[in-house]
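Have a look at structure.txt; it's compact mmCIF, C-alpha atoms and all ligand atoms:
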```txt
# COMPACT_ATOMS: atom_id res chain seq x y z
CA MET A 30 0.00 0.00 0.00
CA GLU A 31 1.13 3.53 -0.77
CA VAL A 32 -0.25 6.71 0.84
CA ASN A 33 0.69 10.04 -0.74
CA LEU A 34 -0.34 13.19 1.10
CA LEU A 35 -2.04 15.86 -1.02
CA SER A 36 -1.18 18.82 1.18
CA GLY A 37 0.03 19.70 4.65
CA ALA A 38 -3.54 20.10 5.87
CA LEU A 39 -5.45 16.99 4.78
CA GLY A 40 -6.08 14.49 1.99
CA ALA A 41 -4.20 11.44 0.77
CA GLU A 42 -4.09 9.50 -2.45
CA VAL A 43 -4.02 5.80 -1.69
CA LYS A 44 -2.64 3.06 -3.94
CA GLY A 45 -2.86 -0.68 -3.35
CA ILE A 46 -6.37 -0.89 -1.89
CA ASP A 47 -9.13 -2.50 -3.96
CA LEU A 48 -12.50 -0.87 -3.32
CA LYS A 49 -14.34 -3.91 -4.75
CA ASP A 50 -13.33 -5.61 -1.50
CA SER A 51 -15.89 -4.66 1.14
CA SER A 52 -14.60 -7.16 3.71
CA GLU A 53 -14.43 -6.07 7.35
CA LYS A 54 -10.61 -6.07 7.20
CA ASN A 55 -10.43 -3.85 4.12
CA TRP A 56 -13.07 -1.47 5.46
CA GLN A 57 -11.27 -1.16 8.84
CA LEU A 58 -8.14 -0.08 7.01
CA ILE A 59 -10.03 2.42 4.84
CA ASN A 60 -11.83 3.87 7.87
CA LEU A 61 -8.56 4.27 9.83
CA LEU A 62 -6.93 6.02 6.89
CA MET A 63 -9.98 8.24 6.43
CA LEU A 64 -9.99 9.29 10.09
CA GLU A 65 -6.30 10.15 9.83
CA HIS A 66 -6.33 12.00 6.48
CA LYS A 67 -10.03 13.04 6.38
CA ALA A 68 -10.26 12.70 2.60
CA LEU A 69 -8.98 9.70 0.64
CA PHE A 70 -8.60 9.41 -3.10
CA PHE A 71 -8.27 6.24 -5.16
CA ARG A 72 -7.69 6.04 -8.91
CA ASP A 73 -8.57 3.36 -11.49
CA GLN A 74 -11.33 1.82 -9.39
CA ASP A 75 -13.88 0.66 -11.97
CA ILE A 76 -16.40 -0.41 -9.33
CA THR A 77 -20.03 -1.26 -10.07
CA CYS A 78 -22.99 0.48 -8.39
CA GLU A 79 -23.41 -2.62 -6.18
CA GLU A 80 -19.75 -2.56 -5.14
CA GLN A 81 -19.97 1.13 -4.27
CA ILE A 82 -23.13 0.45 -2.22
CA ASN A 83 -21.58 -2.56 -0.45
CA LEU A 84 -18.55 -0.55 0.62
CA ALA A 85 -20.72 2.38 1.73
CA LYS A 86 -22.90 0.11 3.89
CA LYS A 87 -19.84 -0.84 5.94
CA PHE A 88 -19.78 2.73 7.31
CA GLY A 89 -23.43 2.64 8.41
CA PRO A 90 -26.98 3.12 7.14
CA LEU A 91 -27.25 4.90 3.81
CA GLU A 92 -29.01 8.21 3.42
CA ARG A 93 -31.38 9.46 0.71
CA HIS A 94 -31.13 13.06 -0.42
CA VAL A 95 -34.12 15.12 0.68
CA TYR A 96 -34.59 16.89 -2.65
CA VAL A 97 -32.91 14.93 -5.44
CA LYS A 98 -33.92 11.61 -7.02
CA GLY A 99 -31.55 8.66 -6.81
CA LEU A 100 -30.87 6.25 -9.69
CA LYS A 101 -33.89 4.17 -10.72
CA ASP A 102 -32.23 0.80 -10.09
CA HIS A 103 -30.02 2.03 -7.23
CA PRO A 104 -31.89 4.75 -5.33
CA GLU A 105 -29.00 4.95 -2.82
CA ILE A 106 -26.88 6.47 -5.59
CA LEU A 107 -27.38 10.07 -6.56
CA ARG A 108 -25.96 10.77 -10.02
CA ILE A 109 -24.58 14.30 -10.19
CA VAL A 110 -24.53 15.46 -13.80
CA LYS A 111 -23.16 18.73 -15.12
CA GLY A 112 -24.20 19.25 -18.73
CA ALA A 113 -21.49 20.12 -21.27
CA GLU A 114 -22.59 23.73 -21.64
CA GLU A 115 -23.52 24.29 -17.99
CA LYS A 116 -21.27 26.70 -16.15
CA HIS A 117 -22.48 25.66 -12.72
CA GLN A 118 -22.27 22.41 -10.88
CA TRP A 119 -23.54 21.02 -7.61
CA GLY A 120 -21.79 22.12 -4.45
CA GLU A 121 -19.88 25.01 -5.94
CA THR A 122 -19.13 26.95 -2.75
CA TRP A 123 -17.69 25.75 0.58
CA HIS A 124 -20.05 23.50 2.53
CA THR A 125 -20.53 20.39 4.59
CA ASP A 126 -23.11 18.10 2.99
CA VAL A 127 -26.66 18.35 4.35
CA SER A 128 -25.66 20.10 7.60
CA TYR A 129 -29.32 21.21 7.75
CA ASN A 130 -30.39 17.64 8.57
CA PRO A 131 -30.82 16.52 12.20
CA LYS A 132 -28.19 13.85 11.50
CA PRO A 133 -25.89 15.23 8.77
CA THR A 134 -23.95 12.85 6.55
CA LYS A 135 -21.09 10.95 8.17
CA VAL A 136 -19.13 9.93 5.09
CA ILE A 137 -19.46 10.47 1.34
CA ILE A 138 -18.27 8.04 -1.31
CA LEU A 139 -18.06 9.86 -4.64
CA ARG A 140 -17.11 7.99 -7.80
CA SER A 141 -16.28 9.70 -11.09
CA ARG A 142 -17.78 8.39 -14.32
CA LYS A 143 -17.12 11.18 -16.81
CA ILE A 144 -14.58 13.93 -16.22
CA PRO A 145 -13.73 17.00 -18.28
CA PRO A 146 -10.12 17.22 -19.54
CA VAL A 147 -9.81 20.35 -17.43
CA GLY A 148 -12.00 22.02 -14.79
CA GLY A 149 -14.16 20.75 -11.95
CA ASP A 150 -11.52 19.72 -9.40
CA THR A 151 -12.81 19.29 -5.85
CA MET A 152 -11.31 21.15 -2.91
CA PHE A 153 -11.45 19.96 0.69
CA SER A 154 -10.75 21.86 3.88
CA ASN A 155 -9.81 20.65 7.37
CA MET A 156 -12.22 21.96 10.02
CA GLU A 157 -10.18 20.60 12.93
CA ILE A 158 -7.31 22.91 11.96
CA ALA A 159 -9.84 25.70 11.32
CA TYR A 160 -10.96 25.36 14.95
CA GLU A 161 -7.44 25.13 16.37
CA THR A 162 -6.34 28.29 14.53
CA LEU A 163 -9.49 30.30 15.18
CA ASP A 164 -9.06 33.63 16.95
CA ASN A 165 -9.31 33.20 20.74
CA GLU A 166 -11.87 35.98 21.12
CA ILE A 167 -14.17 34.28 18.61
CA LYS A 168 -13.60 30.93 20.33
CA LYS A 169 -14.82 32.48 23.59
CA LYS A 170 -17.86 34.08 21.95
CA ILE A 171 -19.05 30.86 20.32
CA LYS A 172 -18.30 28.54 23.25
CA GLY A 173 -21.38 26.42 23.91
CA LYS A 174 -23.35 28.18 21.15
CA LYS A 175 -25.53 26.57 18.55
CA ALA A 176 -26.30 27.82 15.05
CA ILE A 177 -29.21 27.35 12.65
CA HIS A 178 -28.58 25.47 9.41
CA SER A 179 -31.15 25.90 6.61
CA SER A 180 -31.93 23.40 3.86
CA LEU A 181 -32.46 26.29 1.39
CA GLY A 182 -35.32 24.45 -0.37
CA ALA A 183 -35.47 22.23 -3.45
CA ALA A 184 -34.79 25.04 -5.94
CA ALA A 185 -31.20 25.42 -4.69
CA PHE A 186 -30.48 21.78 -5.56
CA VAL A 187 -32.56 21.33 -8.69
CA ASP A 188 -33.64 24.48 -10.58
CA LYS A 189 -30.18 25.90 -11.06
CA TYR A 190 -28.84 22.68 -12.59
CA THR A 191 -30.41 21.50 -15.84
CA GLU A 192 -29.50 17.83 -15.38
CA MET A 193 -30.58 17.39 -11.74
CA GLU A 194 -34.05 15.98 -11.12
CA GLY A 195 -36.06 16.74 -7.99
CA ASN A 196 -37.99 14.11 -6.04
CA GLY A 197 -41.02 16.36 -5.53
CA ASN A 198 -40.20 17.50 -1.99
CA LEU A 199 -40.46 21.29 -1.82
CA ASP A 200 -40.36 21.82 1.95
CA GLU A 201 -37.68 24.00 3.46
CA TYR A 202 -36.54 23.31 7.00
CA SER A 203 -33.73 23.97 9.42
CA ASN A 204 -31.94 22.40 12.38
CA GLU A 205 -29.65 23.64 15.14
CA HIS A 206 -26.18 22.25 15.72
CA PRO A 207 -23.30 23.11 18.08
CA MET A 208 -20.88 25.52 16.39
CA VAL A 209 -18.02 23.43 17.71
CA ARG A 210 -18.72 19.72 17.66
CA ILE A 211 -16.73 16.79 18.99
CA HIS A 212 -15.86 14.17 16.42
CA PRO A 213 -17.55 10.96 17.62
CA GLU A 214 -14.56 8.77 16.70
CA THR A 215 -11.43 10.94 17.05
CA LYS A 216 -12.86 13.12 19.89
CA LYS A 217 -11.28 16.19 18.24
CA LYS A 218 -13.01 19.57 18.17
CA ILE A 219 -14.41 20.64 14.80
CA LEU A 220 -15.55 24.09 13.68
CA TYR A 221 -19.03 23.12 12.52
CA VAL A 222 -20.55 26.02 10.60
CA ASN A 223 -20.46 26.54 6.84
CA SER A 224 -21.24 29.51 4.62
CA MET A 225 -23.72 27.62 2.43
CA TYR A 226 -26.19 26.46 5.09
CA THR A 227 -25.43 28.17 8.42
CA LYS A 228 -27.68 31.20 8.87
CA LYS A 229 -27.64 32.46 12.45
CA ILE A 230 -26.12 31.95 15.88
CA ILE A 231 -28.82 31.18 18.43
CA GLY A 232 -29.12 33.55 21.38
CA MET A 233 -27.34 36.44 19.67
CA ASP A 234 -28.80 39.44 17.91
CA LYS A 235 -28.64 39.30 14.13
CA LYS A 236 -25.99 41.98 13.75
CA GLU A 237 -23.52 40.30 16.09
CA SER A 238 -24.31 36.86 14.68
CA ASP A 239 -23.75 38.10 11.09
CA GLU A 240 -20.44 39.66 12.05
CA ILE A 241 -19.09 36.58 13.84
CA LEU A 242 -20.25 34.22 11.10
CA LYS A 243 -18.65 36.46 8.45
CA ASN A 244 -15.34 36.34 10.32
CA ILE A 245 -15.54 32.57 10.73
CA PHE A 246 -16.44 31.98 7.07
CA GLU A 247 -13.47 34.09 5.97
CA HIS A 248 -11.21 32.14 8.31
CA GLN A 249 -12.53 28.83 6.98
CA GLU A 250 -11.57 29.86 3.43
CA ARG A 251 -7.86 29.94 4.26
CA LEU A 252 -6.06 28.06 1.49
CA ASP A 253 -3.55 26.52 3.90
CA PHE A 254 -6.38 24.41 5.39
CA THR A 255 -7.12 22.82 2.00
CA CYS A 256 -6.18 20.20 -0.53
CA ARG A 257 -7.29 19.90 -4.14
CA PHE A 258 -8.07 16.74 -6.06
CA LYS A 259 -7.93 16.58 -9.85
CA TRP A 260 -10.34 13.90 -10.97
CA THR A 261 -9.74 11.20 -13.53
CA GLU A 262 -12.39 8.73 -14.68
CA ASN A 263 -13.09 5.84 -12.28
CA ALA A 264 -11.58 7.68 -9.35
CA VAL A 265 -13.20 7.44 -5.92
CA ALA A 266 -13.12 9.95 -3.08
CA ILE A 267 -14.09 8.88 0.44
CA TRP A 268 -14.29 11.72 2.89
CA ASP A 269 -15.28 12.40 6.46
CA ASN A 270 -18.11 14.90 6.12
CA ARG A 271 -18.01 15.68 9.85
CA SER A 272 -14.51 17.16 9.99
CA THR A 273 -14.22 18.72 6.53
CA GLN A 274 -15.81 21.09 4.07
CA HIS A 275 -15.56 20.83 0.31
CA GLN A 276 -16.45 22.59 -2.92
CA GLY A 277 -16.56 21.60 -6.56
CA LEU A 278 -14.67 24.23 -8.50
CA THR A 279 -16.77 25.78 -11.23
CA ASP A 280 -13.97 26.79 -13.55
CA PHE A 281 -16.04 26.04 -16.62
CA PHE A 282 -15.07 29.00 -18.77
CA PRO A 283 -15.47 29.37 -22.55
CA GLY A 284 -12.44 28.30 -24.55
CA ARG A 285 -10.98 26.17 -21.77
CA GLY A 286 -13.11 24.42 -19.14
CA LEU A 287 -16.51 24.71 -20.83
CA GLY A 288 -18.02 22.19 -23.27
CA HIS A 289 -17.58 18.97 -21.32
CA GLU A 290 -19.95 16.80 -19.36
CA ARG A 291 -19.07 15.79 -15.78
CA ILE A 292 -20.79 12.79 -14.17
CA MET A 293 -20.32 11.61 -10.60
CA ASP A 294 -22.06 8.94 -8.49
CA ARG A 295 -22.56 9.96 -4.87
CA ILE A 296 -23.48 7.79 -1.90
CA ALA A 297 -24.01 9.35 1.52
CA ILE A 298 -23.81 7.47 4.82
CA GLU A 299 -25.99 8.74 7.63
CA GLY A 300 -24.25 10.43 10.55
CA ASP A 301 -25.29 11.11 14.13
CA HIS A 302 -26.62 14.17 15.98
CA PRO A 303 -23.64 16.53 16.25
CA GLN A 304 -22.58 16.88 19.90
FE FE B 401 -21.20 18.56 -1.34
```
Step by step, read the file and then write its structure as structure tokens.
Amino acid sequence: MEVNLLSGALGAEVKGIDLKDSSEKNWQLINLLMLEHKALFFRDQDITCEEQINLAKKFGPLERHVYVKGLKDHPEILRIVKGAEEKHQWGETWHTDVSYNPKPTKVIILRSRKIPPVGGDTMFSNMEIAYETLDNEIKKKIKGKKAIHSSLGAAAFVDKYTEMEGNGNLDEYSNEHPMVRIHPETKKKILYVNSMYTKKIIGMDKKESDEILKNIFEHQERLDFTCRFKWTENAVAIWDNRSTQHQGLTDFFPGRGLGHERIMDRIAIEGDHPQ
């Protein structure tokens, strides 16, 4: 096995592990590596939908997306398609997946099927380091605080993207989570707000809440907390959605990144109530 770090902050490309193998032993190794590096990347893994599902189930119960339809034969898999001439793609600013749910996603397994020759890399950011390096005054202000995370409604996940199909749910809802959560497995503190879904700090007036959140979001964007993965076809990313944020870069510009389809298969594993 070979593990090559992607940056000083997080992420590792792993060689010598076969993702078709969903045995307990193989999964234990993958989970340990994921907890250590937070985001793992594997290339040339031509796994079937069933193999992707089998591996995902080792992490826990699978989750269905609240707004978007899964595949007809494999509803656990959400196919993310960016049309050739689309300039936008799913998840194009920093976020933690479905942090608006009562039990946000634990782990994501994302498999590439069709990848543009250039454009659409995914960036990841380490929210343990973001907490450690956060200004002490802000740490004091948010100690013990919770924040509201909003689901934004179906339009944010469907209408903007020509190839994404809604499941008919149009309800918008929100949930509260601790702004600093403890990772259930590593016991490390994680800065658990994100600029896409986190709307307000509870028990604070709006002005102060807006100001603190703005400062935190700027801090979370620091490039030294990140790594960047350039996709190839049949690559698989497995990341810890509790301790990281990510974004799909939308560098689909005319004459260079535009004009290519991008297709990814996503499986989400259900997490727990952030504590
Ligand atoms: Fe995402």
Which residues of chain A sit at most 10 Å from ligand FE 401 (chain B), using all atoms listed in the file? Give each one's shortest atom pair and distance in Å (one decimal place), in chain and ascending residue order, as CSV.
```
residue,atom,partner,partner_atom,distance
A:Trp119,CA,B:FE401,FE,7.1
A:Gly120,CA,B:FE401,FE,4.8
A:Glu121,CA,B:FE401,FE,8.0
A:Thr122,CA,B:FE401,FE,8.8
A:Trp123,CA,B:FE401,FE,8.2
A:His124,CA,B:FE401,FE,6.4
A:Thr125,CA,B:FE401,FE,6.2
A:Asp126,CA,B:FE401,FE,4.8
A:Val127,CA,B:FE401,FE,7.9
A:Ile137,CA,B:FE401,FE,8.7
A:Leu139,CA,B:FE401,FE,9.8
A:Thr151,CA,B:FE401,FE,9.6
A:Asn270,CA,B:FE401,FE,8.9
A:Gln274,CA,B:FE401,FE,8.0
A:His275,CA,B:FE401,FE,6.3
A:Gln276,CA,B:FE401,FE,6.4
A:Gly277,CA,B:FE401,FE,7.6
A:Arg295,CA,B:FE401,FE,9.4
```
So which one's closest to Glu290 of chain A, A:Met63, A:Ser51, A:Glu114, A:Ser203? Using all atoms listed in the file, please.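 Result for the nearest residue to Glu290 of chain A: A:Glu114.
Each of A:Gln118, A:Gln81, A:Asn60, A:Asn55 was checked against Thr215 of chain A using all atoms listed in the file; the smallest atom-to-atom distance is that of A:Asn60.
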Show which residues sit within 7 Å of Val32 of chain A, as number ranges by chain. Count all atoms listed in the file, and ignore same-chain residues fewer than 4 positions away. A: 41-44
If you measure from atom CA of Thr255 of chain A to atom CA of Phe153 of chain A, what distance in Å do you get, rounded to one decimal? 5.4 Å
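Picture a line from atom CA of Lys101 of chain A to atom CA of Met193 of chain A; it runs 13.7 Å.
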Determine, counting all atoms listed in the file, which protein, DNA and RNA residues have an atom within 8 Å of an atom of Ala176 of chain A; residues of the same chain fewer than 4 positions away are not included. Present the result as a ChimeraX atom specification. /A:205-208,222,227-231
Between A:Val136, A:Asp200, A:Glu115, A:Ala68, single out the one closest to Pro90 of chain A, counting all atoms listed in the file. A:Val136
So that I can check the surroundings of segment 36-38 of chain A, please list as a list in words every protein, DNA and RNA residue that reaches within 9 Å of it, counting all atoms listed in the file and ignoring chain neighbours fewer than 2 positions away.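 Counting all atoms listed in the file, the residues come to Leu34, Gly40, Ala41, His66, Ser154, Asn155, Ile158, Asp253, Phe254, Thr255, Cys256 and Arg257 of chain A.
Computed from the coordinates, the atom CA of Lys170 of chain A to atom CA of Lys236 of chain A distance equals 14.0 Å.
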